[in-house]
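Data file: start_36.cif. Format and content: mmCIF, C-alpha atoms.
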data_coords
loop_
_atom_site.label_atom_id
_atom_site.label_comp_id
_atom_site.auth_asym_id
_atom_site.auth_seq_id
_atom_site.Cartn_x
_atom_site.Cartn_y
_atom_site.Cartn_z
CA MET P 20 0.00 0.00 0.00
CA THR P 21 1.32 3.46 -0.96
CA THR P 22 2.29 5.64 1.98
CA PRO P 23 0.19 8.81 2.04
CA LEU P 24 1.73 12.26 1.82
CA ASN P 25 0.89 13.92 5.14
CA VAL P 26 0.33 17.66 4.84
CA VAL P 27 -0.26 19.83 7.91
CA LEU P 28 -1.75 23.25 7.15
CA ALA P 29 -1.51 26.02 9.74
CA GLY P 30 -3.59 29.15 10.00
CA GLY P 31 -6.77 30.51 11.43
CA GLY P 32 -8.50 33.24 13.35
CA THR P 33 -10.39 34.75 10.43
CA ALA P 34 -11.94 33.53 7.20
CA GLY P 35 -9.18 35.39 5.37
CA HIS P 36 -6.72 32.77 6.58
CA ILE P 37 -9.03 29.76 6.66
CA SER P 38 -10.54 30.01 3.17
CA PRO P 39 -7.23 29.82 1.24
CA MET P 40 -6.05 27.06 3.57
CA LEU P 41 -9.11 24.97 2.71
CA ALA P 42 -8.72 25.72 -1.00
CA ILE P 43 -5.09 24.55 -0.96
CA ALA P 44 -6.09 21.34 0.81
CA ARG P 45 -8.76 20.58 -1.79
CA ALA P 46 -6.33 21.20 -4.64
CA LEU P 47 -3.77 18.88 -3.04
CA GLU P 48 -6.35 16.12 -2.74
CA GLU P 49 -7.30 16.56 -6.39
CA SER P 50 -3.71 16.91 -7.67
CA GLY P 51 -3.54 13.42 -9.16
CA THR P 52 -0.20 12.64 -7.55
CA ASP P 53 0.76 8.97 -7.32
CA ARG P 54 0.65 9.23 -3.51
CA PRO P 55 -2.65 9.81 -1.72
CA VAL P 56 -2.63 13.13 0.11
CA HIS P 57 -3.85 13.39 3.70
CA CYS P 58 -4.44 16.94 4.97
CA THR P 59 -4.96 18.03 8.56
CA MET P 60 -5.02 21.52 10.01
CA VAL P 61 -3.70 23.40 13.02
CA GLY P 62 -5.46 26.37 14.59
CA THR P 63 -6.40 27.77 17.97
CA ALA P 64 -9.44 27.05 20.10
CA SER P 65 -10.70 30.64 19.79
CA GLY P 66 -10.73 31.15 16.03
CA MET P 67 -13.32 30.60 13.31
CA GLU P 68 -11.40 27.47 12.29
CA THR P 69 -13.09 25.53 15.10
CA ARG P 70 -16.30 25.80 13.05
CA LEU P 71 -15.14 26.12 9.45
CA VAL P 72 -12.48 23.39 9.33
CA PRO P 73 -14.63 20.51 10.66
CA ALA P 74 -17.52 21.73 8.51
CA ALA P 75 -15.25 21.32 5.47
CA GLY P 76 -14.47 17.74 6.50
CA TYR P 77 -10.96 18.15 7.91
CA GLU P 78 -9.45 17.26 11.27
CA LEU P 79 -8.33 20.21 13.38
CA ASP P 80 -5.59 20.19 16.04
CA THR P 81 -5.27 23.23 18.28
CA ILE P 82 -2.40 24.97 20.05
CA ASP P 83 -2.27 27.96 22.38
CA ARG P 84 -2.78 31.39 20.88
CA VAL P 85 0.39 33.47 21.26
CA PRO P 86 -0.15 37.08 20.14
CA LEU P 87 2.78 39.48 20.10
CA PRO P 88 2.11 42.35 22.57
CA ARG P 89 2.35 45.76 20.94
CA ARG P 90 3.31 47.56 24.18
CA PRO P 91 5.59 46.71 27.11
CA THR P 92 3.30 44.77 29.45
CA MET P 93 3.42 41.63 31.55
CA ASP P 94 2.25 39.76 28.44
CA LEU P 95 5.57 40.64 26.82
CA VAL P 96 7.40 39.17 29.83
CA ARG P 97 5.37 35.98 29.51
CA LEU P 98 5.88 35.74 25.75
CA PRO P 99 8.96 33.43 25.73
CA THR P 100 7.29 30.87 28.00
CA ARG P 101 4.05 30.96 26.04
CA LEU P 102 5.88 30.64 22.74
CA ARG P 103 7.94 27.67 23.95
CA ARG P 104 4.78 25.93 25.09
CA ALA P 105 3.04 26.56 21.75
CA VAL P 106 6.10 25.33 19.82
CA ALA P 107 6.12 22.15 21.90
CA GLN P 108 2.40 21.65 21.21
CA ALA P 109 2.96 22.20 17.48
CA GLY P 110 5.89 19.77 17.48
CA ALA P 111 3.80 17.08 19.13
CA ILE P 112 1.15 17.54 16.44
CA LEU P 113 3.70 17.32 13.60
CA ASP P 114 5.12 14.12 15.13
CA ARG P 115 1.71 12.55 15.65
CA ARG P 116 0.55 13.48 12.17
CA ARG P 117 3.88 12.29 10.70
CA ALA P 118 4.08 15.54 8.73
CA ASP P 119 5.93 15.41 5.42
CA VAL P 120 5.38 19.09 4.66
CA VAL P 121 3.82 22.11 6.39
CA VAL P 122 1.74 24.78 4.67
CA GLY P 123 1.31 28.09 6.51
CA VAL P 124 -1.00 30.98 5.69
CA GLY P 125 -0.04 33.29 8.55
CA GLY P 126 -1.71 34.36 11.77
CA TYR P 127 -0.89 33.67 15.41
CA VAL P 128 -0.89 29.89 14.98
CA SER P 129 1.68 29.80 12.19
CA THR P 130 4.82 30.98 14.00
CA PRO P 131 4.96 28.08 16.50
CA VAL P 132 4.28 25.60 13.69
CA TYR P 133 7.05 27.10 11.51
CA LEU P 134 9.52 26.87 14.40
CA ALA P 135 8.53 23.29 15.23
CA ALA P 136 8.87 22.30 11.57
CA ALA P 137 12.33 23.86 11.35
CA ARG P 138 13.54 21.82 14.31
CA ARG P 139 12.33 18.64 12.59
CA ARG P 140 13.62 19.63 9.14
CA VAL P 141 10.10 19.41 7.77
CA PRO P 142 9.84 21.68 4.68
CA VAL P 143 7.52 24.67 4.94
CA VAL P 144 5.54 26.35 2.15
CA ILE P 145 4.09 29.78 2.92
CA HIS P 146 1.24 31.75 1.38
CA GLU P 147 0.83 35.42 2.28
CA ALA P 148 -2.59 36.89 1.49
CA ASN P 149 -2.04 40.60 2.19
CA VAL P 150 0.05 43.21 0.41
CA ARG P 151 1.71 43.99 3.75
CA ALA P 152 3.01 40.66 5.03
CA GLY P 153 2.25 39.65 8.60
CA LEU P 154 4.91 39.01 11.21
CA ALA P 155 4.48 35.22 11.21
CA ASN P 156 5.14 34.93 7.49
CA ARG P 157 8.00 37.43 7.58
CA VAL P 158 9.67 35.15 10.14
CA GLY P 159 8.76 31.90 8.40
CA ALA P 160 9.80 33.03 4.92
CA ARG P 161 13.47 33.14 5.94
CA ARG P 162 13.69 29.33 6.02
CA ALA P 163 10.75 28.30 3.84
CA ALA P 164 11.14 25.91 0.93
CA ALA P 165 8.74 28.10 -1.08
CA VAL P 166 7.03 31.45 -0.50
CA ALA P 167 3.95 32.56 -2.43
CA THR P 168 1.91 35.76 -2.34
CA ALA P 169 -1.52 36.86 -3.48
CA PHE P 170 -0.33 40.30 -4.63
CA PRO P 171 2.76 41.20 -6.67
CA GLU P 172 3.56 44.15 -4.37
CA THR P 173 4.14 41.93 -1.32
CA VAL P 174 7.78 41.89 -0.21
CA LEU P 175 9.05 38.57 1.20
CA PRO P 176 12.34 36.71 0.62
CA GLY P 177 12.15 34.55 -2.50
CA ALA P 178 8.44 35.26 -2.97
CA ARG P 179 6.49 34.31 -6.07
CA CYS P 180 3.10 35.89 -6.82
CA VAL P 181 0.54 33.12 -7.44
CA GLY P 182 -2.75 34.84 -6.55
CA MET P 183 -5.25 33.87 -3.89
CA PRO P 184 -6.39 30.25 -3.48
CA MET P 185 -10.18 30.28 -3.41
CA ARG P 186 -13.16 27.96 -3.58
CA ARG P 187 -13.76 26.45 -7.02
CA GLU P 188 -17.37 27.67 -6.94
CA ILE P 189 -15.91 31.19 -7.16
CA SER P 190 -12.79 30.64 -9.26
CA THR P 191 -14.83 28.87 -11.97
CA LEU P 192 -17.83 31.22 -11.81
CA ASP P 193 -19.26 32.44 -15.11
CA ARG P 194 -21.27 35.45 -13.93
CA ALA P 195 -23.24 35.84 -17.13
CA ALA P 196 -24.27 32.18 -17.26
CA ALA P 197 -25.13 32.04 -13.56
CA ARG P 198 -26.97 35.38 -13.41
CA ALA P 199 -30.54 34.22 -14.02
CA GLY P 200 -30.28 31.35 -11.55
CA ALA P 201 -28.74 33.62 -8.92
CA HIS P 202 -31.55 36.15 -9.23
CA GLU P 203 -34.13 33.42 -8.83
CA ALA P 204 -32.39 31.81 -5.86
CA LEU P 205 -32.02 35.15 -4.06
CA GLY P 206 -35.52 36.40 -4.86
CA LEU P 207 -34.27 39.34 -6.93
CA ASP P 208 -35.83 41.12 -9.91
CA PRO P 209 -33.75 40.25 -13.01
CA SER P 210 -34.83 43.46 -14.75
CA CYS P 211 -33.25 45.73 -12.13
CA THR P 212 -29.65 46.84 -11.69
CA THR P 213 -28.44 45.09 -8.56
CA VAL P 214 -26.07 46.52 -5.96
CA VAL P 215 -24.76 44.03 -3.41
CA VAL P 216 -23.57 45.46 -0.09
CA THR P 217 -21.50 43.35 2.30
CA GLY P 218 -19.19 43.89 5.23
CA GLY P 219 -18.15 40.24 5.34
CA SER P 220 -19.48 37.55 7.66
CA SER P 221 -19.18 39.85 10.68
CA GLY P 222 -20.72 42.85 8.95
CA ALA P 223 -19.68 46.52 8.91
CA LEU P 224 -21.78 48.78 11.11
CA THR P 225 -20.79 52.07 9.45
CA VAL P 226 -21.55 50.69 5.99
CA ASN P 227 -24.87 49.30 7.23
CA ARG P 228 -25.91 52.66 8.71
CA THR P 229 -25.00 54.57 5.56
CA ILE P 230 -26.91 52.20 3.28
CA ALA P 231 -29.98 52.32 5.54
CA ALA P 232 -29.94 56.13 5.47
CA ALA P 233 -29.44 56.19 1.69
CA LEU P 234 -32.30 53.82 0.85
CA PRO P 235 -34.64 56.61 -0.41
CA ASP P 236 -32.01 57.73 -2.94
CA LEU P 237 -31.26 54.15 -4.02
CA ALA P 238 -34.96 53.39 -4.47
CA ALA P 239 -35.57 56.64 -6.37
CA ALA P 240 -32.81 55.63 -8.79
CA GLY P 241 -34.53 52.28 -9.43
CA LEU P 242 -31.65 50.31 -7.94
CA GLN P 243 -32.15 46.95 -6.31
CA VAL P 244 -30.06 46.34 -3.18
CA LEU P 245 -29.07 43.00 -1.69
CA HIS P 246 -27.69 43.93 1.74
CA LEU P 247 -25.70 41.27 3.60
CA THR P 248 -25.60 42.91 7.03
CA GLY P 249 -23.54 40.33 8.94
CA ARG P 250 -24.66 37.99 11.67
CA GLY P 251 -26.44 39.81 14.48
CA LYS P 252 -26.29 43.14 12.63
CA GLN P 253 -29.74 43.30 11.09
CA VAL P 254 -30.71 46.87 10.19
CA LEU P 255 -33.80 47.84 12.17
CA GLY P 256 -36.09 50.84 12.00
CA PRO P 257 -37.32 53.02 14.90
CA ASP P 258 -40.16 50.53 15.47
CA GLY P 259 -37.70 47.66 15.95
CA ALA P 260 -38.74 45.98 12.68
CA PRO P 261 -36.32 45.32 9.81
CA VAL P 262 -35.89 48.33 7.56
CA ALA P 263 -37.98 48.07 4.40
CA SER P 264 -37.77 49.97 1.11
CA PRO P 265 -38.69 49.28 -2.54
CA GLY P 266 -36.10 46.95 -4.08
CA TYR P 267 -34.30 46.45 -0.76
CA HIS P 268 -33.47 42.89 0.33
CA GLN P 269 -31.81 42.39 3.70
CA VAL P 270 -30.06 39.15 4.70
CA GLU P 271 -27.71 38.66 7.65
CA TYR P 272 -25.51 36.04 5.98
CA LEU P 273 -25.31 34.23 2.67
CA ASP P 274 -23.78 30.77 2.45
CA GLY P 275 -22.25 30.79 -1.03
CA MET P 276 -21.10 34.26 -2.07
CA GLU P 277 -20.82 33.11 -5.67
CA ARG P 278 -24.60 33.65 -5.98
CA ALA P 279 -24.27 37.25 -4.83
CA TYR P 280 -21.35 37.80 -7.22
CA ALA P 281 -23.40 36.40 -10.12
CA ALA P 282 -26.44 38.53 -9.32
CA ALA P 283 -24.55 41.80 -8.76
CA ASP P 284 -23.86 44.56 -11.24
CA LEU P 285 -21.83 46.40 -8.58
CA ILE P 286 -20.68 45.48 -5.08
CA VAL P 287 -19.90 47.60 -2.03
CA ALA P 288 -17.48 45.78 0.28
CA ARG P 289 -14.57 45.93 2.67
CA SER P 290 -11.24 45.19 1.00
CA GLY P 291 -9.89 42.16 2.77
CA ALA P 292 -7.40 40.28 0.61
CA GLY P 293 -9.80 37.43 -0.11
CA THR P 294 -12.60 39.75 -1.21
CA VAL P 295 -10.33 41.81 -3.49
CA CYS P 296 -8.94 38.69 -5.19
CA GLU P 297 -12.34 37.03 -5.56
CA LEU P 298 -13.87 40.12 -7.17
CA ALA P 299 -11.00 40.31 -9.63
CA ALA P 300 -11.34 36.61 -10.43
CA VAL P 301 -15.03 36.98 -11.29
CA GLY P 302 -14.68 40.45 -12.87
CA LEU P 303 -17.15 42.27 -10.63
CA PRO P 304 -16.93 46.10 -10.36
CA ALA P 305 -16.54 47.24 -6.76
CA VAL P 306 -16.72 50.15 -4.37
CA PHE P 307 -14.23 49.40 -1.61
CA VAL P 308 -14.65 50.87 1.88
CA PRO P 309 -11.48 49.70 3.66
CA LEU P 310 -11.63 48.85 7.35
CA PRO P 311 -10.33 51.99 9.09
CA ILE P 312 -8.48 50.18 11.88
CA GLY P 313 -5.35 48.03 11.89
CA ASN P 314 -2.22 48.76 9.88
CA GLY P 315 -3.95 50.02 6.74
CA GLU P 316 -3.61 46.69 4.97
CA GLN P 317 -7.12 46.77 3.47
CA ALA P 318 -6.43 50.00 1.59
CA LEU P 319 -3.17 48.50 0.33
CA ASN P 320 -4.97 45.35 -0.81
CA ALA P 321 -7.41 47.37 -2.92
CA ARG P 322 -4.88 49.78 -4.40
CA GLY P 323 -3.88 47.70 -7.44
CA LEU P 324 -7.45 46.98 -8.52
CA VAL P 325 -8.40 50.63 -8.09
CA ALA P 326 -5.38 51.75 -10.13
CA ALA P 327 -6.36 49.34 -12.91
CA GLY P 328 -9.85 50.85 -13.07
CA GLY P 329 -11.72 47.83 -11.74
CA ALA P 330 -12.84 49.48 -8.51
CA VAL P 331 -13.18 52.78 -6.68
CA MET P 332 -12.18 53.32 -3.06
CA VAL P 333 -13.70 55.57 -0.42
CA ARG P 334 -12.57 56.05 3.17
CA ASP P 335 -14.87 54.68 5.85
CA GLU P 336 -15.58 58.14 7.30
CA ALA P 337 -16.31 59.51 3.82
CA PHE P 338 -18.80 56.77 2.97
CA THR P 339 -21.89 58.80 3.83
CA PRO P 340 -25.45 58.96 2.46
CA GLU P 341 -24.36 62.06 0.53
CA TRP P 342 -21.49 60.11 -1.07
CA VAL P 343 -23.90 57.34 -2.03
CA ARG P 344 -26.22 59.84 -3.69
CA ARG P 345 -23.41 61.77 -5.41
CA GLU P 346 -21.07 58.94 -6.44
CA LEU P 347 -22.52 55.45 -6.02
CA VAL P 348 -25.92 56.03 -7.63
CA PRO P 349 -24.51 57.51 -10.88
CA LEU P 350 -21.90 54.75 -11.05
CA ALA P 351 -24.49 51.99 -10.62
CA ARG P 352 -26.64 53.51 -13.39
CA ASP P 353 -23.75 53.83 -15.86
CA ALA P 354 -23.81 50.47 -17.66
CA GLY P 355 -20.93 51.44 -19.95
CA ARG P 356 -18.62 52.32 -17.09
CA LEU P 357 -19.55 49.15 -15.19
CA GLU P 358 -18.67 47.10 -18.26
CA GLN P 359 -15.27 48.80 -18.50
CA MET P 360 -14.66 48.22 -14.78
CA SER P 361 -15.60 44.57 -15.13
CA ALA P 362 -13.05 44.06 -17.91
CA ALA P 363 -10.35 45.90 -15.95
CA SER P 364 -11.05 43.83 -12.87
CA ALA P 365 -10.99 40.53 -14.73
CA SER P 366 -7.64 41.46 -16.30
CA LEU P 367 -6.05 41.15 -12.85
CA GLY P 368 -7.97 38.07 -11.78
CA VAL P 369 -6.15 34.81 -11.00
CA ARG P 370 -8.26 31.68 -10.93
CA ASP P 371 -5.75 28.84 -10.48
CA ALA P 372 -3.81 29.84 -7.36
CA ASP P 373 -4.99 26.77 -5.46
CA ARG P 374 -3.49 24.44 -8.06
CA THR P 375 -0.26 26.46 -8.22
CA MET P 376 0.05 26.21 -4.45
CA ALA P 377 -0.55 22.47 -4.61
CA ASP P 378 2.31 22.15 -7.10
CA LEU P 379 4.64 24.12 -4.79
CA VAL P 380 3.71 21.90 -1.84
CA LEU P 381 4.25 18.69 -3.78
CA THR P 382 7.62 19.94 -5.03
CA ALA P 383 8.69 20.86 -1.51
CA ALA P 384 7.55 17.47 -0.23
CA GLY P 385 9.80 15.78 -2.77
CA GLY P 386 12.72 16.73 -0.57
CA ALA P 387 10.98 15.78 2.68
CA ARG P 388 12.11 13.19 5.15
#
Once more with this new file: its structure as structure tokens, please.
Amino acid sequence: MTTPLNVVLAGGGTAGHISPMLAIARALEESGTDRPVHCTMVGTASGMETRLVPAAGYELDTIDRVPLPRRPTMDLVRLPTRLRRAVAQAGAILDRRRADVVVGVGGYVSTPVYLAAARRRVPVVIHEANVRAGLANRVGARRAAAVATAFPETVLPGARCVGMPMRREISTLDRAAARAGAHEALGLDPSCTTVVVTGGSSGALTVNRTIAAALPDLAAAGLQVLHLTGRGKQVLGPDGAPVASPGYHQVEYLDGMERAYAAADLIVARSGAGTVCELAAVGLPAVFVPLPIGNGEQALNARGLVAAGGAVMVRDEAFTPEWVRRELVPLARDAGRLEQMSAASASLGVRDADRTMADLVLTAAGGAR
């Protein structure tokens, strides 16, 4: 019986790390290599991976979460002990899983796994999703067998831009062919221009408030709005009932964003790396409202697509009902401009990053123990 190739994938915390990790695992399983591939994943007990990884059919091992304190505190004093413990936990997992190769996508969980792999001479393949690389991947890239990025602007030692691994339902989406079915499934009017608004699975309160306040202008323009508010962030009126307006459809969460992408003529969204790359892959014009906190990575992620003409960007504090009336409504009603934006977006889209990553992992594993 052929010995399986054991791949341990590390990452978690947010869907931005988990989604590409799952896509890489699927591509490895479908790679057609002469050795069966067995993928397991490492995360923490507090991240979204505890729900998303088992739901995708994979086994999840967990280690302690070891964030790097940004200020001198007692947490900084405790950091070496916590890191040693997490590295020992990661090493025990690699031994038990008989890891032939490690794949890391960044986040708190990745650093201990990279260090444990280095001690065991297990090759590491890294994927960095953001333009501005995170600390874990900056550390791990120094010894990695292969380093890949989603954006060409990302600076890491020996990095190769491969795009963003994503679900096949998105990377293979034909928006024109899927449009009618998406409208029907989502209860939308196929004769109306459709604007999809989303702040991701957790929602975006400022975006939600602006859209709710701008509904009279959107309705007056004859625009249909599919508003994905985020779990627990339903937009309510003064009477406590969900806000209602002609052509306005409010949903907290949609399982299968490919339907929203197929139905949309224009999307309003945050600019996480996964969202930016998915919209380019499907050629969907976008208005990006980057998250205003953090290190500014969302604005950096969107910059290339905006420069190419596939999207426009507006600061969170500037995304007001007045901006919607002055800028978004005319854009949504300009079919010619939307068509040009769609073509510009698609010109930057990469649809095969999952398979490219699988090839890098298999190559790295060729030199494994």
For region 192-194 of chain P: contacts at 9 Å, all atoms listed in the file, fewer than 2 positions along chain excluded, given as an NGL selection string: :P and (187-190 or 196-198 or 277-278 or 280-283 or 300-303)
C-alpha atoms of the current selection, written as a compact mmCIF listing (two decimals), in the coordinates of the input:
# COMPACT_ATOMS: atom_id res chain seq x y z
CA ARG P 187 -13.76 26.45 -7.02
CA GLU P 188 -17.37 27.67 -6.94
CA ILE P 189 -15.91 31.19 -7.16
CA SER P 190 -12.79 30.64 -9.26
CA ALA P 196 -24.27 32.18 -17.26
CA ALA P 197 -25.13 32.04 -13.56
CA ARG P 198 -26.97 35.38 -13.41
CA GLU P 277 -20.82 33.11 -5.67
CA ARG P 278 -24.60 33.65 -5.98
CA TYR P 280 -21.35 37.80 -7.22
CA ALA P 281 -23.40 36.40 -10.12
CA ALA P 282 -26.44 38.53 -9.32
CA ALA P 283 -24.55 41.80 -8.76
CA ALA P 300 -11.34 36.61 -10.43
CA VAL P 301 -15.03 36.98 -11.29
CA GLY P 302 -14.68 40.45 -12.87
CA LEU P 303 -17.15 42.27 -10.63
Ground truth for the PyMOL selection byres ((chain P and resi 271) around 12), written as a ChimeraX atom specification: /P:216-223,227,245-255,261,268-270,272-274
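We find CA of Arg101 (chain P) and CA of Arg84 (chain P) to be spaced 8.6 Å apart.
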Distance query region 307-310 of chain P at most 7 Å, all atoms listed in the file, self and fewer than 3 positions along chain excluded, as number ranges by chain: P: 287-290, 317-318, 331-335
Output check: residues returned by the PyMOL selection byres ((chain P and resi 159) around 9), as a PyMOL selection string: chain P and resi 123+125+129-130+133-134+143-145+154-158+160-163
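Residues lying within 6 Å of (-9.6, 25.7, 12.6). Counted over all atoms listed in the file, they are Gly31, Gly62, Glu68, Thr69, Val72 and Leu79 of chain P.
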Matched chain/residue IDs from the PyMOL selection byres ((chain P and resi 36) around 10), as a list in words: Ala29, Gly30, Gly31, Gly32, Thr33, Ala34, Gly35, Ile37, Ser38, Pro39, Met40, Leu41, Met67, Glu68, Gly123, Val124, Gly125, Gly126, His146, Glu147, Ala148, Ala292 and Gly293 of chain P
Proximity to Ala64 (chain P) - best of P:Arg103, P:Val128, P:Asp119, P:Pro311, all atoms listed in the file: P:Val128
Minimum-distance residue to Cys211 (chain P), chosen among P:Ala260, P:Ala354, P:Ala137, P:Val121 (using only C-alpha atoms): P:Ala354
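Taking only C-alpha atoms into account, Leu242 (chain P) lies nearest to P:Leu347 out of the set P:Pro176, P:Leu347, P:Arg322, P:Arg117.
Pairwise distance (CA of Ala109 (chain P), CA of Gly51 (chain P)) equals 28.8 Å.
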CA of Leu285 (chain P) to CA of Val214 (chain P), distance in Å rounded to a single decimal: 5.0 Å
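Residue nearest Leu357 (chain P), chosen from P:Ala240, P:Val306, P:Arg186, P:Pro257 and counting all atoms listed in the file: P:Val306.
Between Tyr127 (chain P) and the residues P:Gly110, P:Gly355, P:Gly66, P:Gly256, the shortest atom-to-atom distance, using only C-alpha atoms, involves P:Gly66.
Each of P:Val132, P:Val262, P:Ala169, P:Ala46 was compared to Met60 (chain P) using all atoms listed in the file, and P:Val132 turns out to be the nearest.
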